[in-house]
Amino acid sequence: MPLSPRVPDLAALDLLLSVIELGSLGRAAAAHGISQPSASSRMRYLEKLVGMPVLERTTLGSRPTPAGSLIAEWARGVVRAAEQLDAGIDTLRAERASHLRVAASQTIAEYLFPAWLMKLRATAPGTAIALESGNSVEVAKEVLDNKADIGFIESPQNFPGLESHVVAHDRLVVVVAPTHRWARRGAVTLAELAETALIQRETGSGTRNWFEHAVSRQLPGWKPEVALELSSTTAIKTAAASDAGPAVLSSLAVAAEIAAGTLVSPKLTDLEMNRTLRAVWPTGQRLTGPARDLYAIARATDR
């Protein structure tokens with residue numbers, strides 16, 4: 001049930017106890033870090049609420065009236081309970097600060113998160129960190145279900161209930177085996193790419209969603225054709241390298257293979273595939289502790 005408007009606030013009750021303990025309104029004000037006029041005003045407001053004087057001023061300081069002594073006796077239990085509540089909240093905050101649950105789409109989890117983790121370890125060495133990797137739809141669900149404190153996605157899709165903030169940029173590239181005709185030519189047109197069955201990630205993948213969204217904007221009505229649907233970037237790279245077909249993947253994911261020559265990235269002549277990578281968390285909430293630190297580290301990726 002709601003409290004009566006006559007009940008004083010905790011700060012006023014705590015100050016009253018200090019006045020009685022220290023014997024002076026001025027000393028109590030100093031102990032609470034407020035001015036004496038502010039302390040006097042707080043006591044007058046308390047007396048107005050309860051409808052009677054609680055302190056009497058003497059030449060030696062201040063002492064409680066009989067009513068003030070009674071109110072102070074009741075207030076001690078209230079203030080003690082508030083102190084226990086404060087200590088409990090501090091404990092909860094400390095426990096939360098020592099654990100971080102992260103959900104990240106596969107490209108981010110495999111190619112960006114390890115470097116972020118090293119920097120986070122330097123700033124928060126005592127934090128236990130758990131990473132759940134999946135596609136962007138799965139990441140969004142983890143955050144919405146309160147199974148992750150922060151998520152990182154690649155998809156252009158906006159998810160209701162989630163804040164979304166850009167932390168980094170990436171580029172999608174076409175990759176093929178060195179023996180593929182596009183590798184020998186060194187280039188491919190958007191029309192050719194759109195007419196070709198590709199090796200793709202599963203539905204819900206941020207990479208797939210972003211690529212299909214980009215092509216559809218250029219070619220309205222286009223329907224993608226899938227040669228193989230695989231659930232991991234590593235499997236797609238292996239299939240593409242064995243000439244099972246072309247694939248479109250993050251430049252982060254294929255940099256080592258392109259450098260080694262096991263995959264070739266022909267130039268896509270008439271479509272830019274630059275994209276953003278985003279952090280997500282529940283709408284209306286603020287990031288705190290290690291989640292806030294990780295977000296700051298992620299945002300510094302492109303700097």
# chains A, B, ... in the order shown; residues from 1 in each chain; ligands from 1
$ select_by_dssp --residues "segment 51-134 of chain A" --states "helix (DSSP H, G or I)" --output "JSON list (two decimals) with N, CA and C atoms, in the first residue's frame"
[["chain", "number", "residue", "atom", "x", "y", "z"],
["A", 66, "PRO", "N", 10.38, 15.36, 23.30],
["A", 66, "PRO", "CA", 9.86, 14.01, 23.58],
["A", 66, "PRO", "C", 9.33, 13.33, 22.31],
["A", 67, "ALA", "N", 8.62, 14.08, 21.45],
["A", 67, "ALA", "CA", 8.13, 13.50, 20.20],
["A", 67, "ALA", "C", 9.29, 13.17, 19.28],
["A", 68, "GLY", "N", 10.31, 14.05, 19.28],
["A", 68, "GLY", "CA", 11.49, 13.81, 18.44],
["A", 68, "GLY", "C", 12.22, 12.55, 18.85],
["A", 69, "SER", "N", 12.33, 12.31, 20.17],
["A", 69, "SER", "CA", 12.99, 11.09, 20.66],
["A", 69, "SER", "C", 12.25, 9.85, 20.19],
["A", 70, "LEU", "N", 10.92, 9.91, 20.26],
["A", 70, "LEU", "CA", 10.11, 8.76, 19.84],
["A", 70, "LEU", "C", 10.25, 8.51, 18.34],
["A", 71, "ILE", "N", 10.19, 9.60, 17.56],
["A", 71, "ILE", "CA", 10.34, 9.46, 16.10],
["A", 71, "ILE", "C", 11.73, 8.93, 15.76],
["A", 72, "ALA", "N", 12.74, 9.41, 16.48],
["A", 72, "ALA", "CA", 14.11, 8.95, 16.23],
["A", 72, "ALA", "C", 14.24, 7.45, 16.52],
["A", 73, "GLU", "N", 13.57, 6.99, 17.58],
["A", 73, "GLU", "CA", 13.63, 5.57, 17.91],
["A", 73, "GLU", "C", 13.04, 4.72, 16.78],
["A", 74, "TRP", "N", 11.92, 5.17, 16.25],
["A", 74, "TRP", "CA", 11.32, 4.44, 15.12],
["A", 74, "TRP", "C", 12.21, 4.56, 13.87],
["A", 75, "ALA", "N", 12.82, 5.73, 13.70],
["A", 75, "ALA", "CA", 13.60, 5.99, 12.49],
["A", 75, "ALA", "C", 14.85, 5.13, 12.41],
["A", 76, "ARG", "N", 15.40, 4.75, 13.59],
["A", 76, "ARG", "CA", 16.64, 3.96, 13.57],
["A", 76, "ARG", "C", 16.47, 2.66, 12.80],
["A", 77, "GLY", "N", 15.36, 1.98, 13.01],
["A", 77, "GLY", "CA", 15.11, 0.73, 12.29],
["A", 77, "GLY", "C", 14.95, 0.97, 10.79],
["A", 78, "VAL", "N", 14.29, 2.09, 10.44],
["A", 78, "VAL", "CA", 14.09, 2.40, 9.02],
["A", 78, "VAL", "C", 15.42, 2.70, 8.34],
["A", 79, "VAL", "N", 16.24, 3.54, 9.00],
["A", 79, "VAL", "CA", 17.54, 3.91, 8.41],
["A", 79, "VAL", "C", 18.45, 2.68, 8.34],
["A", 80, "ARG", "N", 18.40, 1.83, 9.36],
["A", 80, "ARG", "CA", 19.22, 0.61, 9.34],
["A", 80, "ARG", "C", 18.80, -0.29, 8.18],
["A", 81, "ALA", "N", 17.50, -0.42, 7.95],
["A", 81, "ALA", "CA", 17.02, -1.22, 6.82],
["A", 81, "ALA", "C", 17.46, -0.61, 5.49],
["A", 82, "ALA", "N", 17.45, 0.73, 5.41],
["A", 82, "ALA", "CA", 17.89, 1.39, 4.18],
["A", 82, "ALA", "C", 19.37, 1.15, 3.94],
["A", 83, "GLU", "N", 20.18, 1.14, 5.01],
["A", 83, "GLU", "CA", 21.60, 0.86, 4.87],
["A", 83, "GLU", "C", 21.83, -0.56, 4.37],
["A", 84, "GLN", "N", 21.02, -1.50, 4.87],
["A", 84, "GLN", "CA", 21.13, -2.89, 4.40],
["A", 84, "GLN", "C", 20.73, -2.99, 2.93],
["A", 85, "LEU", "N", 19.68, -2.25, 2.55],
["A", 85, "LEU", "CA", 19.27, -2.23, 1.15],
["A", 85, "LEU", "C", 20.38, -1.68, 0.27],
["A", 86, "ASP", "N", 21.00, -0.58, 0.71],
["A", 86, "ASP", "CA", 22.10, 0.04, -0.04],
["A", 86, "ASP", "C", 23.26, -0.93, -0.20],
["A", 87, "ALA", "N", 23.61, -1.63, 0.88],
["A", 87, "ALA", "CA", 24.71, -2.59, 0.82],
["A", 87, "ALA", "C", 24.38, -3.75, -0.12],
["A", 88, "GLY", "N", 23.11, -4.19, -0.08],
["A", 88, "GLY", "CA", 22.70, -5.26, -0.98],
["A", 88, "GLY", "C", 22.77, -4.86, -2.43],
["A", 89, "ILE", "N", 22.35, -3.64, -2.74],
["A", 89, "ILE", "CA", 22.42, -3.15, -4.12],
["A", 89, "ILE", "C", 23.87, -3.06, -4.59],
["A", 90, "ASP", "N", 24.75, -2.59, -3.69],
["A", 90, "ASP", "CA", 26.18, -2.53, -4.03],
["A", 90, "ASP", "C", 26.72, -3.92, -4.35],
["A", 91, "THR", "N", 26.28, -4.92, -3.58],
["A", 91, "THR", "CA", 26.72, -6.29, -3.83],
["A", 91, "THR", "C", 26.25, -6.78, -5.20],
["A", 92, "LEU", "N", 24.98, -6.49, -5.51],
["A", 92, "LEU", "CA", 24.44, -6.89, -6.81],
["A", 92, "LEU", "C", 25.19, -6.21, -7.95],
["A", 93, "ARG", "N", 25.48, -4.92, -7.78],
["A", 93, "ARG", "CA", 26.21, -4.19, -8.82],
["A", 93, "ARG", "C", 27.61, -4.76, -9.00],
["A", 94, "ALA", "N", 28.25, -5.13, -7.90],
["A", 94, "ALA", "CA", 29.60, -5.70, -7.98],
["A", 94, "ALA", "C", 29.58, -7.05, -8.70],
["A", 95, "GLU", "N", 28.54, -7.86, -8.39],
["A", 95, "GLU", "CA", 28.42, -9.16, -9.06],
["A", 95, "GLU", "C", 28.17, -8.98, -10.54],
["A", 96, "ARG", "N", 27.31, -8.01, -10.89],
["A", 96, "ARG", "CA", 27.03, -7.76, -12.30],
["A", 96, "ARG", "C", 28.28, -7.27, -13.03],
["A", 97, "ALA", "N", 29.06, -6.45, -12.35],
["A", 97, "ALA", "CA", 30.27, -5.90, -12.96],
["A", 97, "ALA", "C", 31.34, -6.97, -13.16],
["A", 106, "GLN", "N", 28.62, -14.31, -36.29],
["A", 106, "GLN", "CA", 29.82, -15.11, -36.46],
["A", 106, "GLN", "C", 31.04, -14.31, -36.93],
["A", 107, "THR", "N", 30.85, -13.43, -37.90],
["A", 107, "THR", "CA", 32.00, -12.67, -38.40],
["A", 107, "THR", "C", 32.62, -11.84, -37.30],
["A", 108, "ILE", "N", 31.77, -11.17, -36.52],
["A", 108, "ILE", "CA", 32.27, -10.33, -35.43],
["A", 108, "ILE", "C", 32.92, -11.21, -34.36],
["A", 109, "ALA", "N", 32.26, -12.31, -34.01],
["A", 109, "ALA", "CA", 32.77, -13.19, -32.96],
["A", 109, "ALA", "C", 34.14, -13.77, -33.32],
["A", 110, "GLU", "N", 34.33, -14.11, -34.59],
["A", 110, "GLU", "CA", 35.56, -14.78, -34.99],
["A", 110, "GLU", "C", 36.69, -13.83, -35.35],
["A", 111, "TYR", "N", 36.35, -12.66, -35.91],
["A", 111, "TYR", "CA", 37.40, -11.82, -36.49],
["A", 111, "TYR", "C", 37.60, -10.46, -35.80],
["A", 113, "PHE", "N", 36.02, -9.85, -32.21],
["A", 113, "PHE", "CA", 35.89, -9.99, -30.77],
["A", 113, "PHE", "C", 37.19, -10.39, -30.07],
["A", 114, "PRO", "N", 38.02, -11.28, -30.62],
["A", 114, "PRO", "CA", 39.27, -11.62, -29.90],
["A", 114, "PRO", "C", 40.13, -10.41, -29.56],
["A", 115, "ALA", "N", 40.25, -9.47, -30.51],
["A", 115, "ALA", "CA", 41.04, -8.26, -30.23],
["A", 115, "ALA", "C", 40.34, -7.38, -29.20],
["A", 116, "TRP", "N", 39.01, -7.29, -29.29],
["A", 116, "TRP", "CA", 38.26, -6.52, -28.29],
["A", 116, "TRP", "C", 38.45, -7.13, -26.90],
["A", 117, "LEU", "N", 38.44, -8.46, -26.85],
["A", 117, "LEU", "CA", 38.57, -9.15, -25.57],
["A", 117, "LEU", "C", 39.92, -8.85, -24.91],
["A", 118, "MET", "N", 40.99, -8.85, -25.69],
["A", 118, "MET", "CA", 42.31, -8.55, -25.13],
["A", 118, "MET", "C", 42.33, -7.16, -24.50],
["A", 119, "LYS", "N", 41.71, -6.18, -25.16],
["A", 119, "LYS", "CA", 41.68, -4.82, -24.62],
["A", 119, "LYS", "C", 40.79, -4.76, -23.37],
["A", 120, "LEU", "N", 39.68, -5.49, -23.39],
["A", 120, "LEU", "CA", 38.79, -5.50, -22.22],
["A", 120, "LEU", "C", 39.48, -6.15, -21.03],
["A", 121, "ARG", "N", 40.24, -7.19, -21.27],
["A", 121, "ARG", "CA", 40.98, -7.85, -20.18],
["A", 121, "ARG", "C", 41.94, -6.88, -19.51],
["A", 122, "ALA", "N", 42.50, -5.98, -20.30],
["A", 122, "ALA", "CA", 43.45, -5.02, -19.74],
["A", 122, "ALA", "C", 42.77, -4.01, -18.83],
["A", 123, "THR", "N", 41.51, -3.66, -19.15],
["A", 123, "THR", "CA", 40.79, -2.66, -18.35],
["A", 123, "THR", "C", 39.96, -3.29, -17.25]]
$ select_by_dssp --residues "segment 74-220 of chain A" --states "strand (DSSP E or B)" --output "NGL selection string"
:A and (99-105 or 128-134 or 150-153 or 162-176 or 187-188 or 198-200)
$ residues_around --residues "segment 37-39 of chain A" --least-positions-apart "3" --cutoff "8 Å" --atoms "only C-alpha atoms" --output "mmCIF file with N, CA, C and O atoms, in the first residue's frame"
data_model
loop_
_atom_site.group_PDB
_atom_site.id
_atom_site.type_symbol
_atom_site.label_atom_id
_atom_site.label_comp_id
_atom_site.auth_asym_id
_atom_site.auth_seq_id
_atom_site.Cartn_x
_atom_site.Cartn_y
_atom_site.Cartn_z
ATOM 1 N N LEU A 15 19.296 12.598 9.015
ATOM 2 C CA LEU A 15 19.836 13.846 9.566
ATOM 3 C C LEU A 15 19.372 14.044 11.009
ATOM 4 O O LEU A 15 20.165 14.468 11.879
ATOM 5 N N LEU A 25 23.038 20.869 15.292
ATOM 6 C CA LEU A 25 22.605 20.888 13.899
ATOM 7 C C LEU A 25 23.776 21.203 12.967
ATOM 8 O O LEU A 25 23.893 20.628 11.881
ATOM 9 N N GLY A 26 24.661 22.092 13.392
ATOM 10 C CA GLY A 26 25.816 22.455 12.571
ATOM 11 C C GLY A 26 26.742 21.270 12.361
ATOM 12 O O GLY A 26 27.221 21.024 11.240
ATOM 13 N N ALA A 28 25.946 18.088 12.579
ATOM 14 C CA ALA A 28 25.230 17.107 11.757
ATOM 15 C C ALA A 28 25.264 17.513 10.282
ATOM 16 O O ALA A 28 25.451 16.677 9.393
ATOM 17 N N ALA A 29 25.089 18.821 10.028
ATOM 18 C CA ALA A 29 25.141 19.307 8.644
ATOM 19 C C ALA A 29 26.500 19.019 8.032
ATOM 20 O O ALA A 29 26.607 18.560 6.881
ATOM 21 N N ILE A 34 26.321 19.023 3.944
ATOM 22 C CA ILE A 34 25.386 20.063 3.511
ATOM 23 C C ILE A 34 25.587 21.299 4.391
ATOM 24 O O ILE A 34 26.217 21.231 5.448
ATOM 25 N N ARG A 42 15.702 21.284 6.158
ATOM 26 C CA ARG A 42 15.268 19.878 6.132
ATOM 27 C C ARG A 42 14.549 19.520 7.432
ATOM 28 O O ARG A 42 13.536 18.802 7.417
ATOM 29 N N MET A 43 15.039 20.018 8.544
ATOM 30 C CA MET A 43 14.382 19.729 9.821
ATOM 31 C C MET A 43 13.013 20.423 9.918
ATOM 32 O O MET A 43 12.060 19.858 10.457
#
$ residues_around --residues "segment 188-200 of chain A" --least-positions-apart "2" --cutoff "8 Å" --atoms "only C-alpha atoms" --output "list of chain:residue names"
A:Trp182, A:Arg185, A:Gly186, A:Glu202, A:Arg208, A:Val215, A:Trp222, A:Pro224, A:Glu225, A:Val226, A:Ala227, A:Leu228, A:Glu229, A:Leu230, A:Ile236, A:Ala239, A:Ala240, A:Ala244, A:Gly245, A:Pro246, A:Ala247, A:Val248, A:Pro266, A:Lys267, A:Leu268, A:Thr269, A:Asp270, A:Leu271
$ closest_residue --among "A:Gly23, A:Pro2, A:Gly33, A:Gly206" --to "Leu55 of chain A" --atoms "only C-alpha atoms"
A:Gly23
$ closest_atom_pairs --of "segment 186-303 of chain A" --to "segment 155-169 of chain A" --cutoff "6 Å" --atoms "only C-alpha atoms" --output "CSV"
residue,atom,partner,partner_atom,distance
A:Gly206,CA,A:Ser155,CA,3.7
A:Asn209,CA,A:Ser155,CA,5.9
A:Trp210,CA,A:Ser155,CA,5.7
A:Arg275,CA,A:His169,CA,5.8
A:Thr276,CA,A:His169,CA,4.5
A:Leu277,CA,A:Ala168,CA,5.1
A:Arg278,CA,A:Val166,CA,4.3
A:Ala279,CA,A:His165,CA,5.3
A:Val280,CA,A:Ser164,CA,4.7
A:Trp281,CA,A:Leu162,CA,5.3
A:Pro282,CA,A:Leu162,CA,4.5
A:Thr283,CA,A:Leu162,CA,4.8
A:Ala298,CA,A:Val167,CA,5.7
A:Arg299,CA,A:Val167,CA,4.2
A:Thr301,CA,A:Ala168,CA,6.0
A:Asp302,CA,A:Ala168,CA,5.7
$ write_last_selection --atoms "all heavy atoms" --output "short mmCIF file (atom, residue, chain, number, x, y, z; two decimals), in the first residue's frame"
data_model
loop_
_atom_site.label_atom_id
_atom_site.label_comp_id
_atom_site.auth_asym_id
_atom_site.auth_seq_id
_atom_site.Cartn_x
_atom_site.Cartn_y
_atom_site.Cartn_z
N GLY A 206 23.46 -12.30 -40.89
CA GLY A 206 23.63 -10.89 -41.22
C GLY A 206 24.29 -10.68 -42.56
O GLY A 206 23.91 -9.79 -43.33
N ASN A 209 21.69 -11.51 -45.25
CA ASN A 209 20.65 -10.47 -45.29
C ASN A 209 21.17 -9.19 -45.93
O ASN A 209 20.48 -8.56 -46.73
CB ASN A 209 20.15 -10.18 -43.87
CG ASN A 209 19.28 -11.30 -43.32
OD1 ASN A 209 18.92 -12.22 -44.03
ND2 ASN A 209 18.97 -11.22 -42.04
N TRP A 210 22.38 -8.81 -45.55
CA TRP A 210 22.93 -7.56 -46.06
C TRP A 210 23.17 -7.66 -47.57
O TRP A 210 22.82 -6.74 -48.32
CB TRP A 210 24.24 -7.23 -45.35
CG TRP A 210 24.55 -5.76 -45.42
CD1 TRP A 210 24.33 -4.83 -44.45
CD2 TRP A 210 25.09 -5.06 -46.55
NE1 TRP A 210 24.71 -3.59 -44.89
CE2 TRP A 210 25.18 -3.70 -46.18
CE3 TRP A 210 25.51 -5.44 -47.81
CZ2 TRP A 210 25.67 -2.71 -47.03
CZ3 TRP A 210 26.00 -4.46 -48.67
CH2 TRP A 210 26.07 -3.12 -48.28
N ARG A 275 29.34 -2.08 -45.48
CA ARG A 275 28.25 -2.24 -44.51
C ARG A 275 28.70 -1.82 -43.12
O ARG A 275 29.89 -1.65 -42.86
CB ARG A 275 27.76 -3.69 -44.48
CG ARG A 275 28.81 -4.67 -43.97
CD ARG A 275 28.23 -6.05 -43.80
NE ARG A 275 29.23 -7.01 -43.34
CZ ARG A 275 28.95 -8.22 -42.89
NH1 ARG A 275 27.69 -8.63 -42.84
NH2 ARG A 275 29.91 -9.04 -42.49
N THR A 276 27.72 -1.67 -42.24
CA THR A 276 28.00 -1.31 -40.86
C THR A 276 27.79 -2.51 -39.95
O THR A 276 26.96 -3.38 -40.21
CB THR A 276 27.09 -0.16 -40.39
OG1 THR A 276 25.73 -0.54 -40.57
CG2 THR A 276 27.38 1.11 -41.18
N LEU A 277 28.56 -2.55 -38.88
CA LEU A 277 28.40 -3.53 -37.82
C LEU A 277 27.90 -2.78 -36.59
O LEU A 277 28.41 -1.69 -36.28
CB LEU A 277 29.73 -4.23 -37.52
CG LEU A 277 30.46 -4.80 -38.75
CD1 LEU A 277 31.80 -5.41 -38.33
CD2 LEU A 277 29.61 -5.84 -39.47
N ARG A 278 26.91 -3.35 -35.91
CA ARG A 278 26.23 -2.59 -34.87
C ARG A 278 26.19 -3.32 -33.53
O ARG A 278 26.13 -4.55 -33.49
CB ARG A 278 24.79 -2.27 -35.30
CG ARG A 278 24.69 -1.38 -36.54
CD ARG A 278 23.26 -1.17 -36.96
NE ARG A 278 22.66 -2.39 -37.48
CZ ARG A 278 21.35 -2.65 -37.47
NH1 ARG A 278 20.51 -1.79 -36.91
NH2 ARG A 278 20.89 -3.77 -37.99
N ALA A 279 26.21 -2.52 -32.48
CA ALA A 279 25.95 -3.03 -31.13
C ALA A 279 24.47 -2.84 -30.82
O ALA A 279 23.87 -1.85 -31.23
CB ALA A 279 26.80 -2.29 -30.10
N VAL A 280 23.89 -3.80 -30.11
CA VAL A 280 22.48 -3.70 -29.73
C VAL A 280 22.32 -4.03 -28.26
O VAL A 280 23.06 -4.83 -27.69
CB VAL A 280 21.59 -4.64 -30.58
CG1 VAL A 280 21.56 -4.22 -32.03
CG2 VAL A 280 22.05 -6.10 -30.46
N TRP A 281 21.34 -3.36 -27.64
CA TRP A 281 20.94 -3.66 -26.26
C TRP A 281 19.50 -3.20 -26.07
O TRP A 281 18.97 -2.47 -26.92
CB TRP A 281 21.89 -3.00 -25.25
CG TRP A 281 21.97 -1.52 -25.31
CD1 TRP A 281 21.16 -0.62 -24.69
CD2 TRP A 281 22.95 -0.73 -26.01
NE1 TRP A 281 21.56 0.67 -24.95
CE2 TRP A 281 22.66 0.63 -25.77
CE3 TRP A 281 24.04 -1.03 -26.82
CZ2 TRP A 281 23.41 1.67 -26.30
CZ3 TRP A 281 24.80 0.00 -27.35
CH2 TRP A 281 24.48 1.33 -27.09
N PRO A 282 18.82 -3.61 -25.01
CA PRO A 282 17.40 -3.31 -24.86
C PRO A 282 17.11 -1.81 -24.85
O PRO A 282 17.81 -1.02 -24.21
CB PRO A 282 17.03 -3.96 -23.52
CG PRO A 282 18.02 -5.07 -23.38
CD PRO A 282 19.30 -4.54 -23.96
N THR A 283 16.07 -1.43 -25.55
CA THR A 283 15.63 -0.04 -25.61
C THR A 283 15.30 0.47 -24.20
O THR A 283 14.66 -0.22 -23.42
CB THR A 283 14.38 0.08 -26.51
OG1 THR A 283 14.71 -0.38 -27.82
CG2 THR A 283 13.90 1.52 -26.58
N ALA A 298 34.75 -1.48 -28.92
CA ALA A 298 34.25 -1.81 -30.25
C ALA A 298 34.14 -0.57 -31.13
O ALA A 298 34.50 -0.60 -32.31
CB ALA A 298 32.91 -2.52 -30.14
N ARG A 299 33.66 0.53 -30.56
CA ARG A 299 33.51 1.77 -31.33
C ARG A 299 34.86 2.30 -31.81
O ARG A 299 34.92 3.01 -32.82
CB ARG A 299 32.84 2.84 -30.47
CG ARG A 299 31.34 2.67 -30.33
CD ARG A 299 30.71 3.91 -29.78
NE ARG A 299 30.86 5.04 -30.70
CZ ARG A 299 30.58 6.29 -30.39
NH1 ARG A 299 30.14 6.59 -29.17
NH2 ARG A 299 30.73 7.24 -31.27
N THR A 301 37.16 0.57 -33.06
CA THR A 301 37.70 -0.35 -34.07
C THR A 301 38.16 0.37 -35.33
O THR A 301 39.22 0.09 -35.89
CB THR A 301 36.65 -1.41 -34.45
OG1 THR A 301 36.31 -2.17 -33.28
CG2 THR A 301 37.19 -2.35 -35.51
N ASP A 302 37.35 1.32 -35.81
CA ASP A 302 37.66 1.99 -37.07
C ASP A 302 38.59 3.19 -36.91
O ASP A 302 38.96 3.81 -37.90
CB ASP A 302 36.36 2.49 -37.71
CG ASP A 302 35.53 1.34 -38.29
OD1 ASP A 302 36.08 0.24 -38.37
OD2 ASP A 302 34.38 1.57 -38.66
#
